[in-house]
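Input: a single structure, listed below in C-alpha cells.
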Amino acid sequence: MTRKRIIAVLGATRGQGGSVVDALLKTGRYNIRGVTTEDTETPAAHRLKERGVNVVHVNLDDPDSIAVAFTSAHVIFAVTTMYDGAMEREVTQGKNIADVAAALESLEHFVWSTLPSATTVSRGTMAVPHMDGKAQVDEYIIDSHPELARKTTFYWGGMYAENVTYAPFMPAPLPSAGRYVWVQPVARDTLVPMVGDHTVNTGLFVQKILEKPSICLPVGYVLGVVEWMPHGEMLSAWAAVLGDKKGHEIDAVYVKSDVETVGQLWPSTGKELGQLLKFAEEFGRKSWTKKGVNALEMQDLDLEIGEEEGKLVSTKEAIRKLGSKF
C-alpha cells in the first residue's frame, strides 16, 4: 500500500488553506494536518475534525510552536496574513515558517502562498505593502535557504471574487440618487488578475502543483489566476446577481476616483487595496511577474474553468455564489 504523505496546511480554517484541505481530502492520498492561528474549537475547526483532519494551533511568532505544527510533514502549504497593516510582522512570521521548514528532514515539497513585489516590478516607483512583504520572504528563502528553495513552489494567487463583499469593493447605496455607486481608484477597463473563487480554486492549483513536481520544482512559480478581468465587470456581475435576487434591475454606477479619496472613505483597507489596483493599472499583465521567471499558468497544470467537479470557478460564477452576502 502506498503511504499517505503528511501535509501541514496553514490557514486551514480560512479561505486559502481551507480550499487546499478540501481538494486534498478528496484525493484520499494525504494525512492532513490543519494548522490554524485561531482557536481549535471554532465551528470551522470542528467541521475539519469531522472530516478526519487533525487540527492544531500554531503561533507564527514562535518558531517552537511552528516546529510542533510541522513535525514529520512531507508537504507544507504556508500562507500568512498582514495584520492591521503590520508588514514587518508578516515578514517575520514568513521567515519563521521558512526557518523551521528548512530544518525539517522529512520535507519534500514546500508551497508558499505569496505575491510578486510591486516595488521591484515598478523599479521603486510604487509600493503595495501586502505584496512586498510576502515577496521579501521569497527572497529570504532563495538567499538564506537554497535547499528549501529547491523544494519550493511559489504560488501567486490573484484577487478574490469575494472581495466584492468587503470595503472598498462592495458597492454602496446612494439613496438620494436611487442607485448604487462603486468608487474605485482606477479606470473601469483596468485588467485585474482574478483567482475567481479562492475557496475552491486555491486547492485545485495546489493539488496540481503537488501532482506535477517535474514542472513545479525546483524553485517553481505558479500564477493562480483564472482570468484578467476588466475591473468594471466586477460591478456588472455584482449588479446582475443583486438584480436577480431582488427581482428588478439594479442601477450601479462606476465612479473613478483616486487612491487618496478611496483611502479617506475606507481608512482601514482603502489605501492598501487602492495601491494594488493602481499597480495593476500601471503595469497590466506585467504586474504579476518577476524578472527571469516564467510562471506556470492554469493551462500548464491542465486546469480550466468549468462547472464540473475539479474545474476552476470563474469570477462571475463566484460572485453569483456569493449572492446571499449582499
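Identifiers in this document derive from the order of the C-alpha cells: chains are assigned A, B, ..., residues are numbered from 1 separately in each chain, and ligands are numbered from 1 in order of occurrence.
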
message: Env of A:Leu174: 12 Å cut, atoms = only C-alpha atoms, seq-sep filter 5 positions within chain, self excluded. Answer as a list of chain:residue names.
response: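 Near neighbours after the sequence-gap exclusion: A:Arg179, A:Tyr180, A:Val181, A:Trp182, A:Val183, A:Asp251, A:Ala252, A:Val253.
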
- request: Can you pull out every residue within 8 Å of A:His130, counting only C-alpha atoms, but drop anything in the same chain fewer than 4 positions away, and send it as a VMD selection string?
  value: chain A and resid 82 85 87 134 272

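Closest to A:Leu242 among A:Gly306, A:Leu223, A:Pro171, A:Ala177 is A:Pro171, based on only C-alpha atoms.
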
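Distance annotation: of A:Gly224, A:Gly18, A:Gly28, A:Gly158, the residue with the minimal separation from A:Arg5 is A:Gly28; atom set is only C-alpha atoms.
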
Extract the full set of strand (DSSP E) residues from stretch 51-189 of chain A according to DSSP on the backbone, and format it as a PDB file with C-alpha atoms, in the first residue's frame.
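Printed below is part.pdb as written:
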ATOM      1  CA  ASN A  54      -6.036  16.725  12.659  1.00  0.00           C
ATOM      2  CA  VAL A  55      -6.444  20.373  13.694  1.00  0.00           C
ATOM      3  CA  VAL A  56      -3.601  22.016  15.617  1.00  0.00           C
ATOM      4  CA  HIS A  57      -2.975  25.548  16.839  1.00  0.00           C
ATOM      5  CA  VAL A  75       4.478  18.661   2.388  1.00  0.00           C
ATOM      6  CA  ILE A  76       3.694  22.139   3.717  1.00  0.00           C
ATOM      7  CA  PHE A  77       1.269  24.709   2.355  1.00  0.00           C
ATOM      8  CA  ALA A  78       2.049  28.033   4.004  1.00  0.00           C
ATOM      9  CA  HIS A 109       7.646  19.970  -1.101  1.00  0.00           C
ATOM     10  CA  PHE A 110       7.006  23.454   0.286  1.00  0.00           C
ATOM     11  CA  VAL A 111       4.216  25.505  -1.313  1.00  0.00           C
ATOM     12  CA  TRP A 112       4.450  29.153  -0.295  1.00  0.00           C
ATOM     13  CA  SER A 113       1.448  31.392  -0.997  1.00  0.00           C
ATOM     14  CA  THR A 114       2.958  34.714  -1.909  1.00  0.00           C
ATOM     15  CA  THR A 152       9.601  25.325  -3.017  1.00  0.00           C
ATOM     16  CA  THR A 153       6.822  26.277  -5.383  1.00  0.00           C
ATOM     17  CA  PHE A 154       5.903  29.953  -5.074  1.00  0.00           C
ATOM     18  CA  TYR A 155       2.156  30.351  -5.626  1.00  0.00           C
ATOM     19  CA  TRP A 156       0.997  33.805  -6.787  1.00  0.00           C
ATOM     20  CA  GLY A 157      -2.738  33.926  -6.131  1.00  0.00           C
ATOM     21  CA  MET A 159      -7.541  38.751  -6.313  1.00  0.00           C
ATOM     22  CA  TYR A 160     -10.591  37.116  -4.766  1.00  0.00           C
ATOM     23  CA  ALA A 172     -22.606  51.394  -1.625  1.00  0.00           C
ATOM     24  CA  PRO A 173     -26.236  52.530  -1.881  1.00  0.00           C
ATOM     25  CA  LEU A 174     -26.770  56.237  -2.555  1.00  0.00           C
ATOM     26  CA  ARG A 179     -28.722  53.904  -7.203  1.00  0.00           C
ATOM     27  CA  TYR A 180     -25.523  52.220  -6.045  1.00  0.00           C
ATOM     28  CA  VAL A 181     -22.080  53.710  -6.536  1.00  0.00           C
ATOM     29  CA  TRP A 182     -18.734  51.955  -6.781  1.00  0.00           C
ATOM     30  CA  VAL A 183     -15.930  54.386  -6.013  1.00  0.00           C
ATOM     31  CA  GLN A 184     -12.674  52.969  -7.383  1.00  0.00           C
TER      32      GLN A 184
END

Option closest in space to A:Ser122, from A:Lys321, A:Lys286, A:Arg47, A:Arg188 [counting only C-alpha atoms]: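 Closest to A:Ser122 of all the choices is A:Lys286.
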
- prompt: When DSSP works through the backbone of this structure, what residues of stretch 68-312 of chain A end up as alpha helix (DSSP H), shown as a VMD selection string?
  reply: chain A and resid 68 to 70 87 to 102 118 to 121 129 to 144 146 to 150 198 to 211 213 to 216 231 to 246 259 to 265 270 to 283

Export, as a compact mmCIF listing (two decimals), in the first residue's frame, the selected residues with C-alpha atoms.
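Printed below is result.txt as written:
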# COMPACT_ATOMS: atom_id res chain seq x y z
CA VAL A 68 5.49 21.26 16.55
CA ALA A 69 2.88 22.00 13.87
CA PHE A 70 5.25 20.87 11.10
CA MET A 87 4.07 44.28 7.13
CA GLU A 88 7.12 43.77 9.35
CA ARG A 89 5.28 41.25 11.49
CA GLU A 90 4.12 39.30 8.45
CA VAL A 91 7.68 39.22 7.10
CA THR A 92 8.97 37.94 10.44
CA GLN A 93 6.32 35.24 10.55
CA GLY A 94 7.12 34.19 7.00
CA LYS A 95 10.81 33.94 7.84
CA ASN A 96 9.96 31.90 10.95
CA ILE A 97 8.00 29.48 8.77
CA ALA A 98 10.88 29.24 6.29
CA ASP A 99 13.48 28.65 9.01
CA VAL A 100 11.50 25.78 10.51
CA ALA A 101 10.67 24.26 7.12
CA ALA A 102 14.33 24.40 6.07
CA ALA A 118 5.27 45.71 -6.57
CA THR A 119 8.33 47.70 -5.54
CA THR A 120 10.62 45.53 -7.66
CA VAL A 121 8.35 45.31 -10.70
CA PRO A 129 2.86 46.50 1.41
CA HIS A 130 0.99 43.19 1.47
CA MET A 131 2.66 42.21 -1.82
CA ASP A 132 6.10 43.49 -0.94
CA GLY A 133 6.15 41.81 2.47
CA LYS A 134 5.41 38.37 1.08
CA ALA A 135 7.97 38.87 -1.69
CA GLN A 136 10.63 39.70 0.92
CA VAL A 137 10.10 36.22 2.34
CA ASP A 138 10.55 34.75 -1.16
CA GLU A 139 13.99 36.31 -1.43
CA TYR A 140 14.85 35.21 2.10
CA ILE A 141 14.05 31.61 1.16
CA ILE A 142 16.14 31.82 -2.02
CA ASP A 143 19.11 33.60 -0.44
CA SER A 144 19.21 32.08 3.05
CA PRO A 146 18.81 27.44 -1.04
CA GLU A 147 17.98 23.79 -0.28
CA LEU A 148 14.49 24.78 0.85
CA ALA A 149 14.15 26.90 -2.29
CA ARG A 150 14.77 23.81 -4.40
CA HIS A 198 -10.35 31.27 -3.88
CA THR A 199 -12.17 28.86 -1.56
CA VAL A 200 -12.22 26.33 -4.42
CA ASN A 201 -9.54 27.34 -6.89
CA THR A 202 -6.60 27.65 -4.48
CA GLY A 203 -6.94 23.99 -3.60
CA LEU A 204 -7.18 22.93 -7.24
CA PHE A 205 -4.00 24.83 -8.08
CA VAL A 206 -2.14 23.36 -5.10
CA GLN A 207 -3.35 19.84 -5.87
CA LYS A 208 -1.91 20.12 -9.38
CA ILE A 209 1.32 21.63 -8.05
CA LEU A 210 1.81 18.57 -5.85
CA GLU A 211 0.92 16.20 -8.68
CA PRO A 213 6.72 18.24 -9.27
CA SER A 214 8.59 17.72 -12.54
CA ILE A 215 7.43 21.15 -13.75
CA CYS A 216 6.74 22.87 -10.40
CA HIS A 231 -12.40 45.89 -13.19
CA GLY A 232 -15.79 47.30 -14.16
CA GLU A 233 -17.07 43.80 -14.94
CA MET A 234 -16.98 43.00 -11.23
CA LEU A 235 -19.57 45.74 -10.68
CA SER A 236 -21.68 44.46 -13.57
CA ALA A 237 -21.57 40.91 -12.21
CA TRP A 238 -22.50 42.13 -8.72
CA ALA A 239 -25.42 44.19 -10.06
CA ALA A 240 -26.72 41.25 -12.11
CA VAL A 241 -26.71 38.94 -9.08
CA LEU A 242 -28.38 41.51 -6.82
CA GLY A 243 -30.93 42.24 -9.53
CA ASP A 244 -31.87 38.57 -9.78
CA LYS A 245 -32.16 38.43 -6.00
CA LYS A 246 -34.42 41.49 -5.77
CA VAL A 259 -6.18 56.28 -4.15
CA GLU A 260 -6.24 59.17 -1.66
CA THR A 261 -10.03 59.51 -1.79
CA VAL A 262 -10.61 55.77 -1.52
CA GLY A 263 -8.23 55.74 1.45
CA GLN A 264 -10.21 58.52 3.15
CA LEU A 265 -13.51 56.74 2.57
CA GLY A 270 -8.88 51.65 1.03
CA LYS A 271 -5.34 52.93 0.57
CA GLU A 272 -3.69 49.50 0.54
CA LEU A 273 -6.12 47.98 -1.95
CA GLY A 274 -6.19 51.19 -3.95
CA GLN A 275 -2.42 50.95 -4.33
CA LEU A 276 -2.83 47.37 -5.55
CA LEU A 277 -5.29 48.44 -8.23
CA LYS A 278 -3.10 51.34 -9.35
CA PHE A 279 -0.21 48.92 -9.66
CA ALA A 280 -2.35 46.63 -11.84
CA GLU A 281 -3.48 49.62 -13.93
CA GLU A 282 0.05 50.87 -14.45
CA PHE A 283 1.76 47.56 -15.26

field: All residues 10 Å or closer to A:Glu105, only C-alpha atoms, same chain fewer than 3 positions away omitted, as a ChimeraX atom specification
entry: /A:71-74,101-102,108

message: Counting only C-alpha atoms, which residue out of A:Val222, A:Val58, A:Val21, A:Leu107 sits closest to A:Lys151?
response: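 Closest candidate: A:Leu107.
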
For the interface of stretch 190-221 of chain A with stretch 313-320 of chain A (cut-off 7 Å, counting only C-alpha atoms), please tabulate each contacting residue of stretch 190-221 of chain A alongside its nearest pair of atoms and their separation in Å to one decimal, rows sorted by chain and increasing number, as JSON lines.
{"residue": "A:Met194", "atom": "CA", "partner": "A:Thr315", "partner_atom": "CA", "distance": 6.9}
{"residue": "A:Gly196", "atom": "CA", "partner": "A:Thr315", "partner_atom": "CA", "distance": 4.0}
{"residue": "A:Asp197", "atom": "CA", "partner": "A:Ala318", "partner_atom": "CA", "distance": 5.1}
{"residue": "A:Asn201", "atom": "CA", "partner": "A:Val313", "partner_atom": "CA", "distance": 6.6}

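Across A:Ala161, A:Asp61, A:Arg14, A:Ser117, the tightest approach to A:Gly323 is made by A:Ala161 when counting only C-alpha atoms.
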
query: What does the distance between atom CA of A:Val195 and atom CA of A:Thr42 come to in Å, to one decimal place?
result: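 The value is 26.9 Å.
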
message: Could you tell me how far atom CA of A:Pro116 sits from atom CA of A:Ser287, in Å to one decimal place?
response: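 Separating atom CA of A:Ser287 from atom CA of A:Pro116 is a distance of 7.6 Å.
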